[in-house]
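Student: One structure coming up, written as structure tokens, with questions to follow.
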Amino acid sequence: MRKFTLLICIFLVQFSFAQRKGYWQQEVDYKMEIDMKEKAYQYDGKMQLKYTNNSGQSLNKVYFHLYFNAFQPGSMMDNRLQNIPDPDKRMATNLGTKDNPKYESRISTLKPDQIGYQKVTSLKQDGKVVSYKVDGTILEVTLAKPIAEGKTSTFEMVWNAQVPEQIRRSGRNSKDGVEFSMAQWYPKMAEFDPEGWHLDEYIGREFFAPFGNFDVTINIGKDYVIGASGELQNPNNVKGYVKNPTIKEQNGKVSWNFKAENIHDFVWAADKEFIVEHAKSKHGVNVYLVYQDNDSSTAWREAMPYALGFFDYNSEHFGQYPWKNYSIIQGGDGGMEYGTATLIAGGKNLESLIGTIFHEAAHSWYQQLFGINETYNEWFDEGFTSYVEQMAHLNVVEKLKVMPSNPNPDAYRGYIALALSGKEEPASLLADYYNTNYAYSLEAYYKGQVLAIQLGYIIGNDNLNKTFLQFYDQWKFKHPSGNDFKRVAEEVSGINLKWYFNLFINTTRKIDYAIEGVNGNTIKLVNNSDFAMPIDLLVEYTDGTKELFYIPLREMRGEKPEENLVEYKGAKRTILEDWFWTKPTYEVKTSKEVKKATIDPTKRLADVNDKNNVFKK
Ligand SMILES: [Zn+2]
């Protein structure tokens, strides 16, 4: 019997970490050339796109995103800005007062020469003309010939585009004065996966697309310097990247060629004032800082060591950064992540610049490397990125040698404020559909981060760290969902986590445990909420000794290992019988007189009312 069990164990270990059977993803291979008409803020583009269908079914249609079309009066994005009670301040003008605001959508006032558009003028599939139609920001293509399973079709597209006023993420003449912030600038093949086509209009939230390779040539006036995704192929012939380049110009223009492998979004920005700084991290990542060299960009000059430290820390704790380069480019209107690059605005304040760099670079894992759909899994995309950012901040900026048990109490404060505000909606809601930006932001950035930290409370912080690395091995360059992360955490810890992910993501239920009282040597605990959790109860006795009672939840079908955390120092751990969610109360019997008892002294349990979590004699 024992031998048999051992064999089963080996079998399980070998196969449980293998790729999920039946998983598939589409592939893209872009070759694009664009010709800038800088004065008109327009460009002409042509593309050759190889699209490989691995879906197991034949496709009769494909779809592209035309994101620039959102920046037109009457678009869904415009209507959203006119009707949401708390529009993004960058996208709306307040015509009222601070206390009595009256917002006007900035898109609603755009003139024809200020709007954004991408107009397709020719589209062929394997040399044959195809028919297509455009609704808002989605281009629907009826194929000349279906793309069979396992086959590749080549699309040839010609289009022209106008770069909109800088309203959100991309545009002309940003607040910092960067002339071209070119994000969402090309017609992008939509994602097709087991959930079907992802055809979300561009309303506000973020981007999702198949992985692939990019070969991008940009013809632009000779005075510009470009920062972009991927690797510059001709640094010796353009401005900014090497000393004394031999600039090759034709009719006043210079051709820039960038190549990028295995990413799903390509960004670039161009400005005449840009300079380029380059350094290599210990782990071998080439980091480029591309920014305007002027009085407003003082922080950029000091940012490089922090950026290098970030990549080294992250490669050790969340999996090796797998690309050669990362470019941090001044542009856009805040911070936004793309394949091997980010656009970041501002740069006077070093702390804020570093914070934004850490956040966007952390998305290189939780968005780009794990191609997460922010629209579907906002808590996973923004929440886990915020967790990674915070861990790197504590290590690289604050230089802490030992991580605190709860790395971000602020995230808990933000989440609990949301949970008690009456405005919370389930984190499983499609990201664009929240009734307020307030609820979206706190749900995605804070509750998502709390989900990760609290997972450490349930499975133990060491298991959480292992889960991140195991998840990297299993899911890099793929499109995992939150469920895939949960499965890895279950495999690493041996603990069932369905109840936790279900309740925390799909509902707005809140956790509230309390110590109801201590009677002699009996401590009575109560769950005042409809959300059951395992309980760590630290007891200090009148004789000065300590004991940590661990009460697993029956649904876990397992126990977390003992944790070596500062709050538990000197306490002997006693594992008690399981508690379960259908039972509201639980009694802990002690052997000695109780002086103090505390539910979760590490504060990783997201208890919305922690005033009743401590008993003191
Ligand atoms: Zn983010």
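Numbering starts fresh at 1 for the residues of each chain in the structure tokens, the chains themselves are lettered A, B, ... in the order given, and ligands are numbered from 1 as they appear.
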Can you tell me, as a list in words, what residues are no more than 12 Å from Gly240 of chain A when counting only C-alpha atoms, ignoring any on the same chain fewer than 5 positions away?

Tutor: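 The residues satisfying every condition are Lys222, Asp223, Tyr224, Val225, Ile226, Gly227, Leu232, Asn234, Pro235, Pro245, Thr246, Ile247, Trp256, Ala270, Asp271, Lys272, Glu273, Phe274, Ile275, Val276, Glu277, His278, Tyr288, Leu289, Val290, Tyr291 and Gln292 of chain A.
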
Student: Would you kindly return, as a PyMOL selection string, each protein, DNA or RNA residue with an atom no farther than 8 Å from any atom of His479 of chain A, considering only C-alpha atoms and excluding same-chain residues fewer than 3 positions away?

Tutor: chain A and resi 25+370-373+475

Student: From the list A:Gly422, A:Gly383, A:Gly284, A:Gly332, which residue is nearest Arg169 of chain A when using only C-alpha atoms?

Tutor: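 The closest residue to Arg169 of chain A is A:Gly332.
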
Student: Within 8 Å of ligand 1 (counting only C-alpha atoms and all ligand atoms), which residues show up? I'd like them as a VMD selection string.

Tutor: chain A and resid 335 to 337 359 to 360 363 381 to 382 385 to 386 445

Student: For the residues selected in the previous step, produce a file with all heavy atoms as a compact mmCIF listing (two decimals), in the first residue's frame.

Tutor:
```txt
# COMPACT_ATOMS: atom_id res chain seq x y z
N GLY A 335 0.88 56.64 -16.07
CA GLY A 335 1.76 55.51 -16.32
C GLY A 335 0.95 54.45 -17.00
O GLY A 335 -0.19 54.20 -16.63
N MET A 336 1.50 53.85 -18.03
CA MET A 336 0.79 52.76 -18.70
C MET A 336 1.79 51.76 -19.23
O MET A 336 2.82 52.13 -19.78
CB MET A 336 -0.09 53.34 -19.82
CG MET A 336 -0.88 52.28 -20.58
SD MET A 336 -2.10 51.39 -19.54
CE MET A 336 -2.22 49.86 -20.49
N GLU A 337 1.45 50.48 -19.07
CA GLU A 337 2.35 49.39 -19.41
C GLU A 337 2.13 48.88 -20.84
O GLU A 337 0.99 48.83 -21.29
CB GLU A 337 2.18 48.24 -18.43
CG GLU A 337 0.85 47.48 -18.54
CD GLU A 337 -0.32 48.11 -17.79
OE1 GLU A 337 -0.21 49.27 -17.38
OE2 GLU A 337 -1.34 47.43 -17.63
N HIS A 359 5.51 50.34 -10.64
CA HIS A 359 4.18 49.78 -10.95
C HIS A 359 4.13 49.29 -12.40
O HIS A 359 3.75 48.15 -12.67
CB HIS A 359 3.08 50.82 -10.70
CG HIS A 359 1.72 50.28 -10.98
ND1 HIS A 359 0.98 49.59 -10.05
CD2 HIS A 359 0.97 50.27 -12.11
CE1 HIS A 359 -0.16 49.20 -10.59
NE2 HIS A 359 -0.19 49.61 -11.85
N GLU A 360 4.53 50.16 -13.32
CA GLU A 360 4.41 49.80 -14.74
C GLU A 360 5.36 48.66 -15.10
O GLU A 360 5.01 47.77 -15.87
CB GLU A 360 4.66 51.01 -15.64
CG GLU A 360 3.77 52.23 -15.35
CD GLU A 360 2.30 51.92 -15.15
OE1 GLU A 360 1.82 50.91 -15.71
OE2 GLU A 360 1.64 52.66 -14.41
N HIS A 363 4.03 45.38 -14.21
CA HIS A 363 3.08 44.86 -15.21
C HIS A 363 3.79 44.03 -16.29
O HIS A 363 3.13 43.30 -17.02
CB HIS A 363 2.36 46.02 -15.89
CG HIS A 363 1.13 46.50 -15.19
ND1 HIS A 363 0.08 45.67 -14.86
CD2 HIS A 363 0.76 47.74 -14.76
CE1 HIS A 363 -0.88 46.38 -14.27
NE2 HIS A 363 -0.48 47.64 -14.18
N ASP A 381 -4.82 41.67 -12.61
CA ASP A 381 -3.90 42.54 -13.35
C ASP A 381 -3.36 43.66 -12.45
O ASP A 381 -2.17 43.76 -12.17
CB ASP A 381 -4.67 43.10 -14.55
CG ASP A 381 -3.87 44.08 -15.39
OD1 ASP A 381 -3.51 45.14 -14.87
OD2 ASP A 381 -3.63 43.80 -16.57
N GLU A 382 -4.25 44.50 -11.93
CA GLU A 382 -3.80 45.66 -11.15
C GLU A 382 -3.43 45.28 -9.72
O GLU A 382 -2.50 45.83 -9.14
CB GLU A 382 -4.87 46.75 -11.14
CG GLU A 382 -5.17 47.36 -12.51
CD GLU A 382 -3.96 48.05 -13.14
OE1 GLU A 382 -2.91 48.21 -12.48
OE2 GLU A 382 -4.07 48.43 -14.31
N THR A 385 -0.10 43.29 -9.70
CA THR A 385 0.95 44.24 -10.06
C THR A 385 1.27 45.14 -8.88
O THR A 385 2.45 45.40 -8.57
CB THR A 385 0.51 45.08 -11.28
OG1 THR A 385 0.47 44.22 -12.41
CG2 THR A 385 1.43 46.24 -11.54
N SER A 386 0.23 45.61 -8.18
CA SER A 386 0.45 46.49 -7.03
C SER A 386 1.18 45.75 -5.92
O SER A 386 1.99 46.33 -5.20
CB SER A 386 -0.89 47.03 -6.51
OG SER A 386 -1.53 47.76 -7.52
N TYR A 445 -7.01 47.76 -7.59
CA TYR A 445 -5.65 47.99 -7.07
C TYR A 445 -5.49 47.52 -5.63
O TYR A 445 -4.45 47.00 -5.27
CB TYR A 445 -5.28 49.47 -7.17
CG TYR A 445 -5.10 49.93 -8.60
CD1 TYR A 445 -6.19 50.22 -9.41
CD2 TYR A 445 -3.82 50.06 -9.14
CE1 TYR A 445 -6.01 50.62 -10.72
CE2 TYR A 445 -3.64 50.48 -10.45
CZ TYR A 445 -4.75 50.75 -11.23
OH TYR A 445 -4.57 51.15 -12.53
```

Student: So that I can check the surroundings of Ile138 of chain A, please list as a PyMOL selection string every protein, DNA and RNA residue that reaches within 8 Å of it, counting only C-alpha atoms and ignoring chain neighbours fewer than 5 positions away.

Tutor: chain A and resi 63-67+199+201

Student: Quick one: residues within 8 Å of Arg90 of chain A, only C-alpha atoms, excluding same-chain residues fewer than 2 positions away - as a ChimeraX atom specification?

Tutor: /A:88,92-93,167-168,333

Student: Go ahead and write the selection's residues with N, CA, C and O atoms as a PDB file, in the first residue's frame.

Tutor:
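So the final result, stored in out.pdb, reads:
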```pdb
ATOM      1  N   ASP A  88     -12.627  60.339 -15.012  1.00  0.00           N
ATOM      2  CA  ASP A  88     -11.179  60.526 -14.906  1.00  0.00           C
ATOM      3  C   ASP A  88     -10.872  62.007 -15.159  1.00  0.00           C
ATOM      4  O   ASP A  88     -11.249  62.558 -16.195  1.00  0.00           O
ATOM      5  N   ALA A  92     -11.897  64.870 -18.505  1.00  0.00           N
ATOM      6  CA  ALA A  92     -13.072  65.744 -18.404  1.00  0.00           C
ATOM      7  C   ALA A  92     -12.656  67.081 -17.805  1.00  0.00           C
ATOM      8  O   ALA A  92     -11.723  67.156 -17.014  1.00  0.00           O
ATOM      9  N   THR A  93     -13.360  68.134 -18.209  1.00  0.00           N
ATOM     10  CA  THR A  93     -13.106  69.468 -17.665  1.00  0.00           C
ATOM     11  C   THR A  93     -14.225  69.781 -16.678  1.00  0.00           C
ATOM     12  O   THR A  93     -15.395  69.573 -16.987  1.00  0.00           O
ATOM     13  N   ILE A 167      -5.886  62.771 -24.681  1.00  0.00           N
ATOM     14  CA  ILE A 167      -7.028  62.668 -23.758  1.00  0.00           C
ATOM     15  C   ILE A 167      -6.749  61.557 -22.759  1.00  0.00           C
ATOM     16  O   ILE A 167      -6.923  61.723 -21.563  1.00  0.00           O
ATOM     17  N   ARG A 168      -6.297  60.418 -23.274  1.00  0.00           N
ATOM     18  CA  ARG A 168      -6.006  59.293 -22.382  1.00  0.00           C
ATOM     19  C   ARG A 168      -4.965  58.392 -23.040  1.00  0.00           C
ATOM     20  O   ARG A 168      -5.127  57.979 -24.193  1.00  0.00           O
ATOM     21  N   ASP A 333      -0.016  60.130 -19.976  1.00  0.00           N
ATOM     22  CA  ASP A 333      -0.653  61.003 -18.989  1.00  0.00           C
ATOM     23  C   ASP A 333      -0.633  60.448 -17.578  1.00  0.00           C
ATOM     24  O   ASP A 333      -1.466  60.797 -16.756  1.00  0.00           O
TER      25      ASP A 333
END
```

Student: Which residues are near Asp578 of chain A? Cut-off 9 Å, only C-alpha atoms, ignore same chain within fewer than 6 positions. Put them as a list of chain:residue names.

Tutor: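 These residues fall inside the cut-off: A:Pro534, A:Ile551, A:Pro552, A:Leu553, A:Arg554, A:Glu555.
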
Student: Select, from A:Met36, A:Arg573, A:Tyr541, A:Gly558, the residue with the minimum atom-to-atom distance to Thr590 of chain A, counting only C-alpha atoms.

Tutor: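 Answer, going by the shortest atom-to-atom distance: A:Tyr541.
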
Student: Give me the residues near Leu605 of chain A as a VMD selection string, where near means some atom within 10 Å (using only C-alpha atoms) and where sequence neighbours in that chain fewer than 2 positions away do not count.

Tutor: chain A and resid 406 412 450 to 451 453 to 458 511 to 513 533 to 536 599 to 603 607 to 608 610

Student: Give me a file of those residues, with N, CA and C atoms, as an mmCIF file, in the first residue's frame.

Tutor:
```cif
data_model
loop_
_atom_site.group_PDB
_atom_site.id
_atom_site.type_symbol
_atom_site.label_atom_id
_atom_site.label_comp_id
_atom_site.auth_asym_id
_atom_site.auth_seq_id
_atom_site.Cartn_x
_atom_site.Cartn_y
_atom_site.Cartn_z
ATOM 1 N N ASN A 406 2.646 41.604 6.801
ATOM 2 C CA ASN A 406 1.714 42.226 5.858
ATOM 3 C C ASN A 406 2.452 43.380 5.179
ATOM 4 N N TYR A 412 -5.092 47.400 2.702
ATOM 5 C CA TYR A 412 -6.211 46.938 3.546
ATOM 6 C C TYR A 412 -7.109 48.106 3.916
ATOM 7 N N VAL A 450 -4.979 42.903 -1.635
ATOM 8 C CA VAL A 450 -5.368 42.247 -0.382
ATOM 9 C C VAL A 450 -5.586 40.751 -0.631
ATOM 10 N N LEU A 451 -6.162 40.438 -1.790
ATOM 11 C CA LEU A 451 -6.388 39.021 -2.098
ATOM 12 C C LEU A 451 -5.075 38.244 -2.055
ATOM 13 N N ILE A 453 -2.164 39.152 -0.468
ATOM 14 C CA ILE A 453 -1.558 39.151 0.876
ATOM 15 C C ILE A 453 -2.327 38.200 1.801
ATOM 16 N N GLN A 454 -3.654 38.234 1.685
ATOM 17 C CA GLN A 454 -4.490 37.380 2.530
ATOM 18 C C GLN A 454 -4.335 35.910 2.147
ATOM 19 N N LEU A 455 -4.026 35.665 0.863
ATOM 20 C CA LEU A 455 -3.716 34.290 0.444
ATOM 21 C C LEU A 455 -2.505 33.786 1.221
ATOM 22 N N GLY A 456 -1.548 34.686 1.481
ATOM 23 C CA GLY A 456 -0.396 34.326 2.312
ATOM 24 C C GLY A 456 -0.820 33.954 3.726
ATOM 25 N N TYR A 457 -1.827 34.630 4.246
ATOM 26 C CA TYR A 457 -2.373 34.295 5.578
ATOM 27 C C TYR A 457 -2.964 32.876 5.559
ATOM 28 N N ILE A 458 -3.623 32.518 4.457
ATOM 29 C CA ILE A 458 -4.305 31.217 4.402
ATOM 30 C C ILE A 458 -3.321 30.073 4.164
ATOM 31 N N ILE A 511 -15.454 40.124 5.762
ATOM 32 C CA ILE A 511 -15.048 39.264 6.872
ATOM 33 C C ILE A 511 -15.157 40.044 8.180
ATOM 34 N N ASP A 512 -15.762 39.434 9.196
ATOM 35 C CA ASP A 512 -15.759 40.056 10.531
ATOM 36 C C ASP A 512 -15.793 38.979 11.612
ATOM 37 N N TYR A 513 -14.650 38.724 12.187
ATOM 38 C CA TYR A 513 -14.547 37.807 13.329
ATOM 39 C C TYR A 513 -14.417 38.607 14.614
ATOM 40 N N MET A 533 -13.182 32.097 7.464
ATOM 41 C CA MET A 533 -11.742 32.074 7.213
ATOM 42 C C MET A 533 -11.062 31.216 8.276
ATOM 43 N N PRO A 534 -9.848 30.720 8.004
ATOM 44 C CA PRO A 534 -9.080 30.079 9.069
ATOM 45 C C PRO A 534 -8.641 31.157 10.069
ATOM 46 N N ILE A 535 -8.413 30.755 11.302
ATOM 47 C CA ILE A 535 -8.083 31.760 12.326
ATOM 48 C C ILE A 535 -6.751 31.432 13.008
ATOM 49 N N ASP A 536 -5.903 32.445 13.060
ATOM 50 C CA ASP A 536 -4.712 32.415 13.913
ATOM 51 C C ASP A 536 -5.073 33.207 15.164
ATOM 52 N N ILE A 599 -6.895 37.960 17.550
ATOM 53 C CA ILE A 599 -7.137 37.294 16.263
ATOM 54 C C ILE A 599 -6.195 37.916 15.242
ATOM 55 N N ASP A 600 -5.413 37.091 14.578
ATOM 56 C CA ASP A 600 -4.476 37.506 13.530
ATOM 57 C C ASP A 600 -3.656 38.759 13.859
ATOM 58 N N PRO A 601 -2.655 38.631 14.709
ATOM 59 C CA PRO A 601 -1.805 39.808 15.003
ATOM 60 C C PRO A 601 -1.014 40.293 13.782
ATOM 61 N N THR A 602 -0.925 39.467 12.713
ATOM 62 C CA THR A 602 -0.179 39.911 11.514
ATOM 63 C C THR A 602 -1.005 40.869 10.665
ATOM 64 N N LYS A 603 -2.302 40.967 10.940
ATOM 65 C CA LYS A 603 -3.216 41.871 10.220
ATOM 66 C C LYS A 603 -3.287 41.561 8.727
ATOM 67 N N ASP A 607 -10.283 41.748 7.995
ATOM 68 C CA ASP A 607 -11.442 41.869 8.882
ATOM 69 C C ASP A 607 -11.889 43.329 8.874
ATOM 70 N N VAL A 608 -13.146 43.566 8.460
ATOM 71 C CA VAL A 608 -13.588 44.957 8.284
ATOM 72 C C VAL A 608 -13.866 45.659 9.620
ATOM 73 N N ASP A 610 -11.924 45.383 13.123
ATOM 74 C CA ASP A 610 -10.925 44.690 13.959
ATOM 75 C C ASP A 610 -10.943 45.178 15.412
#
```

Student: Which polymer residues have any atom within 9 Å of an atom of Thr574 of chain A, counting only C-alpha atoms, with same-chain residues fewer than 2 positions away left out, as a compact mmCIF listing (two decimals) with N, CA, C and O atoms, in the first residue's frame?

Tutor:
```txt
# COMPACT_ATOMS: atom_id res chain seq x y z
N GLU A 547 1.03 31.29 23.25
CA GLU A 547 0.61 30.13 22.45
C GLU A 547 -0.16 30.63 21.23
O GLU A 547 -1.00 31.53 21.35
N LEU A 548 0.16 30.07 20.07
CA LEU A 548 -0.55 30.44 18.84
C LEU A 548 -1.49 29.30 18.48
O LEU A 548 -1.05 28.20 18.14
N PHE A 549 -2.78 29.56 18.61
CA PHE A 549 -3.77 28.55 18.22
C PHE A 549 -4.11 28.76 16.74
O PHE A 549 -4.44 29.86 16.32
N TYR A 550 -4.00 27.66 16.00
CA TYR A 550 -4.31 27.73 14.57
C TYR A 550 -5.56 26.91 14.33
O TYR A 550 -5.59 25.71 14.60
N ILE A 551 -6.63 27.57 13.83
CA ILE A 551 -7.90 26.88 13.56
C ILE A 551 -8.13 26.86 12.05
O ILE A 551 -8.56 27.85 11.46
N LYS A 572 4.35 28.98 21.02
CA LYS A 572 4.25 27.57 20.59
C LYS A 572 2.96 27.45 19.80
O LYS A 572 1.92 27.98 20.19
N LEU A 576 -5.65 23.34 16.19
CA LEU A 576 -6.93 22.89 16.74
C LEU A 576 -7.77 22.21 15.65
O LEU A 576 -7.39 22.18 14.48
```

Student: As a ChimeraX atom specification, please: every residue in segment 163-238 of chain A that DSSP puts in strand (DSSP E or B).

Tutor: /A:165,168,170-172,180-182,188-189,192-193,196-197,212-221,225-228,231-232

Student: Could the residues in this selection be written to a file with N, CA, C and O atoms, as a compact mmCIF listing (two decimals), in the first residue's frame?

Tutor:
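See part06.txt below for the written result:
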```txt
# COMPACT_ATOMS: atom_id res chain seq x y z
N GLU A 165 -5.77 64.56 -29.86
CA GLU A 165 -5.30 65.34 -28.72
C GLU A 165 -5.06 64.37 -27.58
O GLU A 165 -5.74 63.35 -27.47
N ARG A 168 -6.30 60.42 -23.27
CA ARG A 168 -6.01 59.29 -22.38
C ARG A 168 -4.97 58.39 -23.04
O ARG A 168 -5.13 57.98 -24.19
N SER A 170 -2.65 57.87 -25.02
CA SER A 170 -1.88 58.23 -26.21
C SER A 170 -2.36 59.57 -26.73
O SER A 170 -3.42 60.05 -26.36
N GLY A 171 -1.57 60.16 -27.62
CA GLY A 171 -2.00 61.42 -28.21
C GLY A 171 -0.84 62.35 -28.51
O GLY A 171 0.32 61.99 -28.34
N ARG A 172 -1.22 63.55 -28.95
CA ARG A 172 -0.21 64.54 -29.33
C ARG A 172 0.00 65.55 -28.19
O ARG A 172 -0.93 65.87 -27.46
N PHE A 180 4.68 63.09 -29.49
CA PHE A 180 3.90 61.92 -29.90
C PHE A 180 3.98 60.81 -28.84
O PHE A 180 5.05 60.25 -28.61
N SER A 181 2.84 60.52 -28.19
CA SER A 181 2.73 59.37 -27.30
C SER A 181 1.92 58.33 -28.08
O SER A 181 0.70 58.44 -28.18
N MET A 182 2.60 57.33 -28.63
CA MET A 182 1.95 56.45 -29.60
C MET A 182 1.64 55.08 -29.00
O MET A 182 2.33 54.09 -29.25
N LYS A 188 -5.07 46.52 -34.27
CA LYS A 188 -4.53 45.39 -33.52
C LYS A 188 -5.48 44.20 -33.58
O LYS A 188 -6.67 44.34 -33.29
N MET A 189 -4.95 43.05 -33.97
CA MET A 189 -5.76 41.83 -34.02
C MET A 189 -6.34 41.55 -32.64
O MET A 189 -5.62 41.54 -31.65
N PHE A 192 -8.71 35.96 -29.62
CA PHE A 192 -9.69 34.87 -29.66
C PHE A 192 -9.15 33.77 -28.78
O PHE A 192 -8.00 33.35 -28.93
N ASP A 193 -9.94 33.34 -27.81
CA ASP A 193 -9.49 32.31 -26.88
C ASP A 193 -10.68 31.44 -26.49
O ASP A 193 -11.75 31.58 -27.08
N GLY A 196 -13.98 32.91 -26.52
CA GLY A 196 -14.49 33.51 -27.75
C GLY A 196 -13.69 34.76 -28.10
O GLY A 196 -12.57 34.96 -27.61
N TRP A 197 -14.27 35.60 -28.96
CA TRP A 197 -13.60 36.85 -29.35
C TRP A 197 -13.76 37.89 -28.25
O TRP A 197 -14.85 38.06 -27.72
N GLY A 212 2.93 37.76 -29.93
CA GLY A 212 3.55 37.64 -31.24
C GLY A 212 4.77 38.52 -31.39
O GLY A 212 5.24 39.14 -30.44
N ASN A 213 5.27 38.55 -32.60
CA ASN A 213 6.48 39.31 -32.91
C ASN A 213 6.14 40.58 -33.68
O ASN A 213 5.18 40.61 -34.43
N PHE A 214 6.96 41.59 -33.48
CA PHE A 214 6.74 42.89 -34.13
C PHE A 214 8.02 43.33 -34.83
O PHE A 214 9.10 43.25 -34.26
N ASP A 215 7.86 43.79 -36.06
CA ASP A 215 8.96 44.40 -36.81
C ASP A 215 8.39 45.72 -37.31
O ASP A 215 7.55 45.75 -38.22
N VAL A 216 8.80 46.82 -36.68
CA VAL A 216 8.15 48.12 -36.92
C VAL A 216 9.16 49.13 -37.45
O VAL A 216 10.20 49.36 -36.82
N THR A 217 8.85 49.70 -38.60
CA THR A 217 9.69 50.77 -39.16
C THR A 217 8.91 52.07 -39.11
O THR A 217 7.76 52.13 -39.56
N ILE A 218 9.54 53.08 -38.53
CA ILE A 218 8.89 54.40 -38.41
C ILE A 218 9.73 55.41 -39.17
O ILE A 218 10.91 55.61 -38.85
N ASN A 219 9.12 56.05 -40.17
CA ASN A 219 9.81 57.12 -40.90
C ASN A 219 9.34 58.46 -40.33
O ASN A 219 8.16 58.78 -40.38
N ILE A 220 10.28 59.21 -39.79
CA ILE A 220 9.90 60.45 -39.08
C ILE A 220 10.99 61.49 -39.28
O ILE A 220 12.16 61.15 -39.58
N GLY A 221 10.62 62.77 -39.12
CA GLY A 221 11.55 63.89 -39.29
C GLY A 221 12.87 63.66 -38.56
O GLY A 221 12.88 63.10 -37.46
N VAL A 225 13.77 61.95 -31.64
CA VAL A 225 14.33 60.74 -31.03
C VAL A 225 13.14 59.88 -30.59
O VAL A 225 12.15 60.40 -30.09
N ILE A 226 13.26 58.57 -30.82
CA ILE A 226 12.15 57.66 -30.51
C ILE A 226 12.54 56.70 -29.40
O ILE A 226 13.65 56.17 -29.38
N GLY A 227 11.61 56.49 -28.48
CA GLY A 227 11.71 55.39 -27.52
C GLY A 227 10.60 54.42 -27.86
O GLY A 227 9.50 54.85 -28.20
N ALA A 228 10.87 53.11 -27.78
CA ALA A 228 9.85 52.15 -28.24
C ALA A 228 10.00 50.80 -27.56
O ALA A 228 11.00 50.52 -26.90
N GLU A 231 13.72 46.12 -29.47
CA GLU A 231 15.12 46.51 -29.62
C GLU A 231 15.32 47.29 -30.91
O GLU A 231 14.88 46.87 -31.98
N LEU A 232 15.99 48.43 -30.78
CA LEU A 232 16.31 49.25 -31.95
C LEU A 232 17.33 48.51 -32.81
O LEU A 232 18.37 48.08 -32.32
```

Student: Using only C-alpha atoms, find the one residue out of A:Lys589, A:Arg604, A:Lys248, A:Lys31 that sits nearest to Glu567 of chain A.

Tutor: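 Among A:Lys589, A:Arg604, A:Lys248, A:Lys31, it is A:Arg604 that comes nearest to Glu567 of chain A.
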
Student: Work out how far apart atom CA of Lys282 of chain A and atom CA of Thr340 of chain A are and give it in Å to one decimal.

Tutor: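 Computed distance, atom CA of Lys282 of chain A to atom CA of Thr340 of chain A, equals 17.6 Å.
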
Student: Measuring between only C-alpha atoms, which one of A:Gln449, A:Thr375, A:Asn461, A:Gln330 shows the shortest distance to Asp410 of chain A?

Tutor: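 For Asp410 of chain A, the nearest of the given residues is A:Gln449.
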
Student: Rank nothing, just name the residue among A:Trp579, A:Tyr202, A:Phe380, A:Tyr306 nearest to Phe68 of chain A, using only C-alpha atoms.

Tutor: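 Closest to Phe68 of chain A of all the choices is A:Tyr202.
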
Student: Hey, can you check how far atom CA of Pro194 of chain A sits from atom CA of Asn435 of chain A?

Tutor: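 Separating atom CA of Pro194 of chain A from atom CA of Asn435 of chain A is a distance of 28.1 Å.
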